[in-house]
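Before any comments, here is the structure.
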Amino acid sequence: MIIIVLDGVADSLKYRPTSLELAKTQGLNELARISIGGCFYPIDDETAPESDAAVFSILGYNPKEINVGRGLLEALGVGIELLEGSEVAFRANFATIDAKTLKIIDRRVGRSLTSAEAKELAKSLNNLNLGIYGGYAKVYSTVGHRAVVVIGSKEKRLSANVSNTDPAYGRVGRVSIALEKFEPFVAKCKPLDNSEEAKITCELVDEFTKKVIEILDSHPINVKRAEKSLPKANALLLRDAEDRYPNIKSISTIYGKSFGIVAEMPVEKGIGKLLGMKAVEVSPPSGSIEKDLKERLEATLKLLNEVDVVYVHLKGPDEPGHDGNKQRKVSSIEAIDRYYILPLIESIDLNKIAIVVTADHATPPEFKAHTSDPVPLIVASKALKRTDGLNRFTEHECCSKGSLGIIPHGYLVLKKIFELLNQ
Ligand SMILES: O=C(O)[C@H](O)COP(=O)(O)O
């Protein structure tokens, strides 16, 4: 089986036509016609999840039970080891701020920061001495404006039970939630319990934030960017702290099948590692969608020879959703259809291999953020005894006609799919 998760591909049924309804998708339509479908709430009907919690959920793990901070997953995804007890990992965004007022101008540097620029900036911050409690910071840039930050102390124990300095996301336990409204200022770190560890961690985080702004605001990369009228990457916003490796059952133990993963972003790579999935490395987005999708397709087909279930995570539609650009979201869906779905259908025998297509969460362009809306799901196979008569892979089609109905939690979905295919 191949499970294809199109990051943030769903929109909200409040804003129709949705991006999926607008897109011309010959391949997805073909799959829909041989499918059983339905919809599901990624976590529940009130949680707008980040991708990590949503992906765990799709794979059958209740994110509120496993309770893993995304910081650790991002770190695992780029091969960073954590010293449990004295180090805390965060997901970070290079951002553009007004250095005097700390007002956030763009949480993602207008998506204009190249990975090469981010690498240079990270170099200037790495092994930063925080001046108190033997504190230090390690900064690793990943894709574009994204980074991983590890805050550590040579003297004190630290804790991940601290709030985000990125105001766009909140925390329920270690599960990160996209906030509907937030004040656009770099937030101060707040300890989330009364421990000395959380208090010291926050002092180190706030010291880090201050030092980063001092160093980055006049960094030669930013001077050059300002000359070209590009936004400066002069702050790092931290979120989703984690300080321990959780004890989670591997995915093969749960389902009795071997799993592989094709993932583009560190967070999904990290999830794959944590759950013991076999990975085929693919390069980060290169700027050529066609080339990237061909590479992802080759990786999928390679893994298909080696494992029972291949999980494929394609980032494409999420970014234009965040940017409020519906037209670009539609184009991204159409590119995935043309360069990934159609050639995939031609390369495999749908009598023997089932294809599941779904989304990890909705990112409606009208909303520019993840929402809790239900997402569509199709299970396509020529071996199914019946189909739902779907014509398209869209929110309305799957939610209104799919016989799986609207499943209340994403973590119930994969078990249902296996049951369906075993009938
Ligand atoms: O693109 C990402 O890494 C996330 O899915 C969204 O995070 P952001 O709100 O920081 O862009």
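Each chain of the structure tokens is named A, B, ... in the order shown, its residues numbered from 1; ligands are numbered from 1 in display order.
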Can you pull out every residue with an atom within 7 Å of ligand 1? Use only C-alpha atoms and all ligand atoms and format it as a PDB file with C-alpha atoms, in the first residue's frame.
ATOM      1  CA  GLU A  50       0.662  21.136  13.311  1.00  0.00           C
ATOM      2  CA  SER A  51       1.833  18.573  10.794  1.00  0.00           C
ATOM      3  CA  ASN A  93      11.809  30.003  12.197  1.00  0.00           C
ATOM      4  CA  ARG A 107       7.324  34.883  10.532  1.00  0.00           C
ATOM      5  CA  ARG A 108       9.032  33.325   7.503  1.00  0.00           C
ATOM      6  CA  ARG A 146      13.326  26.647   9.020  1.00  0.00           C
ATOM      7  CA  ASP A 318       0.625  23.735   2.439  1.00  0.00           C
ATOM      8  CA  GLU A 319       2.893  26.722   1.748  1.00  0.00           C
ATOM      9  CA  HIS A 322      -0.248  29.609   4.560  1.00  0.00           C
TER      10      HIS A 322
END
Hey, could you make a per-residue contact list for range 5-116 of chain A against range 405-409 of chain A with 10 Å as the cut-off, showing the nearest pair of atoms and its distance in Å to one decimal, counting only C-alpha atoms, sorted by chain and number, as CSV?
residue,atom,partner,partner_atom,distance
A:Gly37,CA,A:Gly405,CA,7.8
A:Gly38,CA,A:Gly405,CA,4.9
A:Cys39,CA,A:Ile406,CA,4.7
A:Phe40,CA,A:Ile407,CA,4.4
A:Tyr41,CA,A:His409,CA,5.2
A:Pro42,CA,A:His409,CA,5.8
A:Ile43,CA,A:His409,CA,5.0
A:Asp44,CA,A:His409,CA,5.3
A:Asp45,CA,A:Pro408,CA,7.1
A:Ala54,CA,A:His409,CA,9.9
A:Ser57,CA,A:His409,CA,7.7
A:Ile58,CA,A:His409,CA,8.8
A:Gly60,CA,A:His409,CA,9.5
A:Asn62,CA,A:His409,CA,8.6
Point to revise | In range 84-226 of chain A, DSSP alpha helix (DSSP H) residues written as a VMD selection string | key: chain A and resid 115 to 125 196 to 217 220 to 226
Check your understanding: If you run DSSP on the backbone, which residues of range 110-335 of chain A are strand (DSSP E), as a ChimeraX atom specification?
Key -> /A:128-129,135-141,146-153,169-172,175-178,235-242,259-263,278-279,309-314
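Atom pair CA of Ala168 in chain A / CA of Glu180 in chain A has a distance of 8.1 Å (rounded to one decimal).
Omitting range 299-314 of chain A and its sequence neighbours fewer than 5 positions away, and counting only C-alpha atoms, the residues within 6 Å are Met1, Ile2, Ile3, Ile4, Val5, Leu6, Asp7, Lys257, Ser258, Phe259, Gly260, Ile261, Val262 and Ala263 of chain A.
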Review point. Between A:Lys416, A:Arg239, A:Lys294, A:Arg33, which is the closest to Ala178 in chain A once you count only C-alpha atoms?
Key: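 Nearest to Ala178 in chain A: A:Arg239.
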Hey, which bits of range 45-134 of chain A sit within 8 Å of range 219-223 of chain A, and for each residue what's the closest pair of atoms and how far apart in Å (one decimal), counting only C-alpha atoms, rows by chain and increasing number, as CSV?
residue,atom,partner,partner_atom,distance
A:Glu117,CA,A:Ile221,CA,6.8
A:Glu120,CA,A:Ile221,CA,7.8
A:Leu121,CA,A:Ile221,CA,7.4
Check your understanding: Of the candidates A:Ala53, A:Ala122, A:Leu113, A:Leu275, which shows the shortest atom-to-atom distance to Leu230 in chain A, using only C-alpha atoms?
Key ->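 Residue with the minimum atom-to-atom distance to Leu230 in chain A: A:Leu113.
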Practice item. Counting only C-alpha atoms, figure out which residue out of A:Gly135, A:Pro365, A:Gly272, A:Pro266 gets nearest to Arg91 in chain A. Key: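 Going through A:Gly135, A:Pro365, A:Gly272, A:Pro266 one by one, the smallest distance to Arg91 in chain A is for A:Pro266.
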Within 8 Å of range 66-68 of chain A using only C-alpha atoms, minus same-chain residues under 4 positions, as an mmCIF file with C-alpha atoms, in the first residue's frame:
data_model
loop_
_atom_site.group_PDB
_atom_site.id
_atom_site.type_symbol
_atom_site.label_atom_id
_atom_site.label_comp_id
_atom_site.auth_asym_id
_atom_site.auth_seq_id
_atom_site.Cartn_x
_atom_site.Cartn_y
_atom_site.Cartn_z
ATOM 1 C CA TYR A 61 -0.826 7.220 17.275
ATOM 2 C CA ASN A 62 -2.977 9.510 19.421
ATOM 3 C CA LEU A 72 12.819 16.614 18.927
ATOM 4 C CA GLY A 173 0.907 19.328 26.696
ATOM 5 C CA ARG A 174 3.558 18.799 24.031
ATOM 6 C CA VAL A 175 1.048 18.974 21.161
ATOM 7 C CA GLU A 242 11.285 18.722 23.710
ATOM 8 C CA PRO A 246 9.883 9.099 24.078
ATOM 9 C CA ILE A 248 6.987 4.743 21.432
#
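The interatomic distance for the pair CA of Val267 in chain A and CA of Val205 in chain A works out to 21.5 Å.
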Exercise for review: Return the single residue from A:Leu274, A:Ile104, A:Ala235, A:Val55 that is closest to Ser250 in chain A, with distances computed using only C-alpha atoms.
Suggested key: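 Under the stated criterion, the closest residue is A:Leu274.
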Review point. What is the CA of Asn422 in chain A to CA of Thr394 in chain A distance in Å?
Key: 25.3 Å
Exercise for review: Go through A:Arg70, A:Lys188, A:Lys291, A:Lys119 one by one, measure the shortest atom-to-atom distance of each to Pro167 in chain A using only C-alpha atoms, and give the residue with the smallest value.
Suggested key: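 Of the candidates, the smallest distance to Pro167 in chain A is held by A:Lys188.
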Practice item. Tell me which of A:Ser112, A:Asn351, A:Asn127, A:Thr18 sits closest to Lys382 in chain A, counting only C-alpha atoms. Key: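 Using only C-alpha atoms, the shortest distance to Lys382 in chain A belongs to A:Asn351.
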Exercise for review: For Gly85 in chain A, list every protein, DNA or RNA residue within 12 Å, evaluated using only C-alpha atoms, and leave out those in the same chain fewer than 3 positions away; present the list as a list in words.
Suggested key: Leu82, Val88, Ala89, Ile151, Gly152, Ser153, Lys154, Glu155, Lys156, Arg157, Leu158, Ser159, Ala160, Glu197, Ala198, Thr201, Glu242, Asp243, Arg244 and Tyr245 of chain A
Those same residues - C-alpha atoms - I'd like them written as a compact mmCIF listing (two decimals), in the first residue's frame.
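Once written, selection_3.txt looks like this:
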# COMPACT_ATOMS: atom_id res chain seq x y z
CA LEU A 82 20.08 15.47 22.29
CA VAL A 88 16.10 21.12 24.92
CA ALA A 89 15.37 21.07 21.17
CA ILE A 151 19.48 25.20 24.13
CA GLY A 152 21.78 23.52 26.63
CA SER A 153 23.39 24.07 30.02
CA LYS A 154 26.68 22.73 31.37
CA GLU A 155 25.56 23.40 34.95
CA LYS A 156 21.82 23.00 35.28
CA ARG A 157 19.05 20.63 34.34
CA LEU A 158 16.64 22.04 31.76
CA SER A 159 13.00 21.37 30.91
CA ALA A 160 10.87 21.39 27.78
CA GLU A 197 14.36 23.64 35.35
CA ALA A 198 11.58 25.36 33.37
CA THR A 201 15.28 27.16 30.48
CA GLU A 242 11.28 18.72 23.71
CA ASP A 243 13.91 17.33 26.06
CA ARG A 244 13.53 13.54 25.96
CA TYR A 245 13.34 10.60 23.59
Practice item. Would you kindly return, as a PyMOL selection string, each protein, DNA or RNA residue with an atom no farther than 10 Å from any atom of Gln26 in chain A, considering only C-alpha atoms and excluding same-chain residues fewer than 5 positions away? Key: chain A and resi 31-32+334+337-338+341-342+392
Those residues with N, CA and C atoms, as an mmCIF file, in the first residue's frame please?
data_model
loop_
_atom_site.group_PDB
_atom_site.id
_atom_site.type_symbol
_atom_site.label_atom_id
_atom_site.label_comp_id
_atom_site.auth_asym_id
_atom_site.auth_seq_id
_atom_site.Cartn_x
_atom_site.Cartn_y
_atom_site.Cartn_z
ATOM 1 N N LEU A 31 -8.283 7.770 -9.492
ATOM 2 C CA LEU A 31 -8.208 7.022 -8.231
ATOM 3 C C LEU A 31 -9.541 7.084 -7.483
ATOM 4 N N ALA A 32 -10.144 8.285 -7.477
ATOM 5 C CA ALA A 32 -11.415 8.451 -6.745
ATOM 6 C C ALA A 32 -12.458 7.470 -7.269
ATOM 7 N N GLU A 334 -2.217 20.567 -9.006
ATOM 8 C CA GLU A 334 -2.186 20.091 -10.399
ATOM 9 C C GLU A 334 -0.810 19.517 -10.759
ATOM 10 N N ASP A 337 -0.533 16.115 -9.300
ATOM 11 C CA ASP A 337 -1.336 15.184 -10.095
ATOM 12 C C ASP A 337 -0.577 14.760 -11.363
ATOM 13 N N ARG A 338 0.011 15.769 -12.025
ATOM 14 C CA ARG A 338 0.648 15.497 -13.325
ATOM 15 C C ARG A 338 1.973 14.738 -13.177
ATOM 16 N N ILE A 341 1.075 11.652 -9.338
ATOM 17 C CA ILE A 341 -0.047 10.694 -9.284
ATOM 18 C C ILE A 341 -0.199 9.946 -10.624
ATOM 19 N N LEU A 342 -0.272 10.689 -11.721
ATOM 20 C CA LEU A 342 -0.492 10.013 -13.022
ATOM 21 C C LEU A 342 0.617 9.006 -13.342
ATOM 22 N N ARG A 392 -14.382 12.513 -7.669
ATOM 23 C CA ARG A 392 -13.236 13.369 -7.450
ATOM 24 C C ARG A 392 -12.708 13.188 -6.027
#
